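Scroll down for the structure; my scribbles are underneath it.
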Amino acid sequence: MSNIPETGRTPRVQIRLVVIQVLVFSLFATLGGRLWYLQIRNGDEYTNEAKGNHVQQVVQPAVRGSILDARGVPLADNETRLVVSASRTDLMKMKDDGKGVLTRLAGVLGMKPKDVMDKVRLCDSKTPQPCWNGSPYQPIPVTDEATTQQALQIRERAEDFPGITAEPMAVRRYAAPGKANTAQVLGYLSPVTDEEIEKAKDTDSPFLRSDQVGRSGLERTYDKDLRGKAGVTRYEVDKLGRVIGLAQADKAEPGANVVTSIDARVQAVAEWELDNAMKEARKVFDDNTNTNYKADSGAVVVMEAKTGRVVAMASLPTYDPNAWVGGISAKDYARLTGKKSNFPLLNRAIQGQAAPGSIFKVIPTTAAVNAGYDFNGRYPCPSSYSIGNQVFKNFESQGHGSITLGQALEVSCDTVYYALAHQQWKKDGGLKPKKDPADWFYKTAHQFGLGAETGIDLPNEVTGRVPDRRWKQNFWEANKDYWCKIGKKGGDYIQQLSYENCLEGNLMRAGDSVNYSIGQGDTLVTPIQMATIYAAISNGGTMWNPTVGKAVVSADGKSIREIRPKSHGKLPMNAETRKLMNEALAGVATRGTAAWRFGGWPQDKIPMHAKTGTAEVHGKQTTSWFATYTKDYSIVMTISQGGTGSGASGPAVRNIYNALYGLDMEGNQDLKKALLPQPQKTLPKIQPDGSIDAPKITPYAPAKPEPEEDTSLAGPPPATGRRD
């Protein structure tokens, strides 16, 4: 028994008890504060989160609407395929990040393991395609071409393929009816990104993680209409994930159909003829470069002259939009975007810019008349025009004596326009311009809609360029330092030019105005701009916004929203000037530079109007342009590094018109063969079940080409004309 007295332990015990009490009270205070924080201060937030933890949602993707041609033929629709997808969330929970599962999956699908793994990796600035640029939380498609046998293997051996699904799904299909590819007009799809989901969450058309989004073409312009609304079913589940009830169910709403003004038959003709024209151009020898023409790209636009509706639009090189369906492969991505690809994703009809050459001359002709020059006055057309020690030659150094402005259009006389532009430049003050120079030639181009978008309902249209005084000043300010750095007085051509630009590159020189007057120099236009201008000359002067979409029709066909043509102005010419120009452009097709391509054309029944253009490009071969119109249609074709306008593009444009009107080369017409004798005004009938009684399209079968260099039908070029 201890000898320590009882009273000796009391203080220590009391201290311990106090400490314990303080700790207990502190613990209770902490727990109480935490409970207050969770239940009162942030109670609502955690309550909502708790509810979310017990609700699981199942998304039923909406069927994307179809894109139809003017007669109801599907250009883009959907088909059911077996899609194999991988859940990245499940794969990342595995010790090897799912590499074993993906390797086994590759064996079943007959793919390389690396290709499968590349499909499910996430895209970032350093990761090349293929990769997944959608949400990492949604199933990632590995292939949409799985066979029934492959799908059964995956589903029957589920323990070997955790996180992998094989399900039938509606997949986008680009049908190419009658071999009408229509790629750049239609565009393509890819998964929605987290940034897009966040940006659209408070709009009337939010994205779900399963959505596919239009990235270019009509798929992008009308994405909201086409996408529809996905169905979402929300289930109440317990903590073990077992369904205990149905919280809410929203049915999927299929996307609307977009009816276009494209006619698949005409589209097929336009694509084939453009491709063939480029192939034929490559057979022609270019004396200036001592090689054959490269004809590396081209575009053609077929437009209704009275409405601005686009009947066909082709761009080469092209691509198969089906390559993007289900995720694009590394090989296909490199082929479409690599340095050697020549950029097939580019729609050169609205994004290809080039100097227009002589098809531009309708603009300086109008400018001259508006500046006070007589359309029927006489103007000298010598073989060359000199300004100081600079000599500007006529094409092929031909002279045509004293001619009118109409005749200058017919024979495409450069020197007439050189002189007019030079005179006007001097009137405006030359190198020391007046305070408010008239600048007729430049202002008229803007009034024709150049240097601005046409307003077509396709994304990423470019504006081209009118190199007026403002542009000269801005360009000089942006490049002055570089010019001053490399410029050298008396140096080689580049050094001397840079030296001069350093000092006065912002000045409008006489040579600038002279080159501009014939569509050369720094002038840039797009095919859609020129098609709009020539259509306006045909229809009396109205410049329509080109449109591809014609109507948006609900999936059941009951609701129709028509897309009506809109105008962005009138041509800056009076009725008399338009009449005279109309006659001159008809003369181009009968007597002038395009006559040898329109031999046998029934001019009395279907008056043809044309203008040829051969644009010179520094460091490249000439660009071929051919601009035309009838009372119904405007057709413009261009071929980069293709040669002359009438030589390279002329035959193809003639063949497109033959198909439209049902003509043969002798001018005989068979209306049963005519594709569009009159512009289409009706919409295709869509049944309540979504079906469409669309006509079948057969591939274009062109007539056998004439023997090379055979111009017997057209006869020799007119003595007063030239092959521009």
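In the structure tokens, chains take letters A, B, ... by order of appearance, with residues numbered from 1 within each chain and ligands from 1 in the order shown.
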If we count only C-alpha atoms, what is near Asp604 in chain A at a cut-off of 12 Å, once residues fewer than 4 positions away on the same chain are taken out, given as a count of residues only?
6
For range 509-526 of chain A, list every protein, DNA or RNA residue within 8 Å, evaluated using only C-alpha atoms, and leave out those in the same chain fewer than 3 positions away; present the list as a PyMOL selection string.
chain A and resi 348-361+364+387+414+417-419+421-422+425+430-431+441+450-451+462-467+529-530+615-616
Write out as an MDAnalysis selection string the set of residues from range 135-271 of chain A that DSSP, computed on the backbone, places in helix (DSSP H, G or I).
chainID A and resid 148:156 158:160 177:179 183:186 194:200 217:221 223:227 264:271
Compile the contact shell of range 66-71 of chain A as a VMD selection string: residues with an atom at most 10 Å away, counting only C-alpha atoms, same-chain residues fewer than 2 positions apart removed.
chain A and resid 63 to 64 73 to 78 172 to 174 177 186 218 to 219 222 226 to 227 255 to 265 267 311 548 to 553 555 680 to 685 690 692 to 695
Can you list, as a PyMOL selection string, every protein, DNA or RNA residue that comes within 7 Å of Gln212 in chain A when you count only C-alpha atoms, leaving out same-chain residues fewer than 3 positions away?
chain A and resi 189-192
Shell of 9 Å around Val300 in chain A, only C-alpha atoms, local chain residues under 3 positions omitted, as a ChimeraX atom specification
/A:270-271,274,312-315,348-349,527-528,635-639,653
I'd like the contact shell of range 476-481 of chain A - 7 Å cut-off, only C-alpha atoms, skipping same-chain residues fewer than 2 positions apart - returned as a PyMOL selection string.
chain A and resi 472-474+483-485+502+505-506
Please identify which residues in range 363-582 of chain A DSSP calls strand (DSSP E) from the backbone, and express them as a PDB file with C-alpha atoms, in the first residue's frame.
```pdb
ATOM      1  CA  TYR A 379     -10.805  54.762-127.615  1.00  0.00           C
ATOM      2  CA  PRO A 380      -7.429  53.749-129.021  1.00  0.00           C
ATOM      3  CA  CYS A 381      -6.398  50.105-128.528  1.00  0.00           C
ATOM      4  CA  SER A 384       1.143  48.709-125.711  1.00  0.00           C
ATOM      5  CA  TYR A 385       0.817  51.691-123.394  1.00  0.00           C
ATOM      6  CA  SER A 386       3.777  53.555-121.880  1.00  0.00           C
ATOM      7  CA  ILE A 387       4.073  55.453-118.614  1.00  0.00           C
ATOM      8  CA  GLN A 390       7.426  51.470-118.169  1.00  0.00           C
ATOM      9  CA  VAL A 391       5.687  49.667-121.025  1.00  0.00           C
ATOM     10  CA  PHE A 392       2.382  47.903-120.361  1.00  0.00           C
ATOM     11  CA  LYS A 393       1.596  45.505-123.185  1.00  0.00           C
ATOM     12  CA  GLY A 401      -7.326  50.400-133.622  1.00  0.00           C
ATOM     13  CA  SER A 402      -9.988  52.765-132.321  1.00  0.00           C
ATOM     14  CA  ILE A 403     -12.821  50.902-130.582  1.00  0.00           C
ATOM     15  CA  THR A 542     -29.919  43.145-108.126  1.00  0.00           C
ATOM     16  CA  MET A 543     -27.007  41.698-106.152  1.00  0.00           C
ATOM     17  CA  TRP A 544     -28.483  38.780-104.241  1.00  0.00           C
ATOM     18  CA  GLY A 549     -30.240  26.682 -97.789  1.00  0.00           C
ATOM     19  CA  LYS A 550     -33.753  26.819 -99.208  1.00  0.00           C
ATOM     20  CA  ALA A 551     -35.910  25.760 -96.257  1.00  0.00           C
ATOM     21  CA  VAL A 552     -35.777  24.136 -92.832  1.00  0.00           C
ATOM     22  CA  VAL A 553     -38.437  21.425 -92.560  1.00  0.00           C
ATOM     23  CA  ILE A 560     -41.544  24.709 -92.793  1.00  0.00           C
ATOM     24  CA  ARG A 561     -39.323  27.763 -92.453  1.00  0.00           C
ATOM     25  CA  GLU A 562     -38.408  29.066 -95.872  1.00  0.00           C
ATOM     26  CA  SER A 567     -30.327  41.470-101.567  1.00  0.00           C
ATOM     27  CA  HIS A 568     -27.240  43.438-100.545  1.00  0.00           C
ATOM     28  CA  GLY A 569     -27.629  46.190-103.118  1.00  0.00           C
ATOM     29  CA  LYS A 570     -27.910  47.190-106.766  1.00  0.00           C
TER      30      LYS A 570
END
```
Could you pull the residues within 12 Å of Gln621 in chain A, counting only C-alpha atoms, minus those fewer than 6 positions along the same chain, as JSON, numbers by chain?
{"A": [281, 282, 285, 286, 287, 288, 289, 290, 291, 292, 293, 294, 295, 296, 614, 615, 639, 640, 641, 642, 643, 644]}
Export of the given selection (C-alpha atoms) as an mmCIF file, in the first residue's frame:
```cif
data_model
loop_
_atom_site.group_PDB
_atom_site.id
_atom_site.type_symbol
_atom_site.label_atom_id
_atom_site.label_comp_id
_atom_site.auth_asym_id
_atom_site.auth_seq_id
_atom_site.Cartn_x
_atom_site.Cartn_y
_atom_site.Cartn_z
ATOM 1 C CA ALA A 281 -5.050 21.685 -118.629
ATOM 2 C CA ARG A 282 -2.171 19.570 -117.311
ATOM 3 C CA PHE A 285 2.537 23.079 -122.440
ATOM 4 C CA ASP A 286 3.212 26.509 -120.941
ATOM 5 C CA ASP A 287 5.777 28.396 -123.019
ATOM 6 C CA ASN A 288 6.474 30.843 -120.194
ATOM 7 C CA THR A 289 7.640 28.199 -117.710
ATOM 8 C CA ASN A 290 8.674 25.480 -120.186
ATOM 9 C CA THR A 291 6.518 22.957 -118.343
ATOM 10 C CA ASN A 292 2.950 21.756 -118.569
ATOM 11 C CA TYR A 293 0.350 23.701 -116.630
ATOM 12 C CA LYS A 294 0.036 22.448 -113.049
ATOM 13 C CA ALA A 295 -3.716 23.115 -112.688
ATOM 14 C CA ASP A 296 -3.392 22.455 -108.967
ATOM 15 C CA THR A 614 -6.273 35.058 -117.823
ATOM 16 C CA ALA A 615 -4.683 36.465 -114.683
ATOM 17 C CA ILE A 639 -8.445 27.040 -112.376
ATOM 18 C CA SER A 640 -5.257 28.002 -110.578
ATOM 19 C CA GLN A 641 -2.174 27.655 -112.803
ATOM 20 C CA GLY A 642 -4.494 26.414 -115.540
ATOM 21 C CA GLY A 643 -3.695 28.644 -118.504
ATOM 22 C CA THR A 644 -6.095 30.869 -120.417
#
```
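For the atom pair formed by CA of Leu336 in chain A and CA of Met117 in chain A, the distance is 21.4 Å, given to one decimal.
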For Leu345 in chain A, which residue out of A:Gly327, A:Pro317, A:Pro677, A:Pro459 is the nearest one, using only C-alpha atoms?
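Going through A:Gly327, A:Pro317, A:Pro677, A:Pro459 one by one, the smallest distance to Leu345 in chain A is for A:Pro317.
Atom pair CA of Tyr333 in chain A / CA of Trp132 in chain A: separated by 13.1 Å.
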For the atom pair CA of Val142 in chain A and CA of Glu156 in chain A, what is the interatomic distance in Å to one decimal place?
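CA of Glu156 in chain A lies 18.5 Å from CA of Val142 in chain A.
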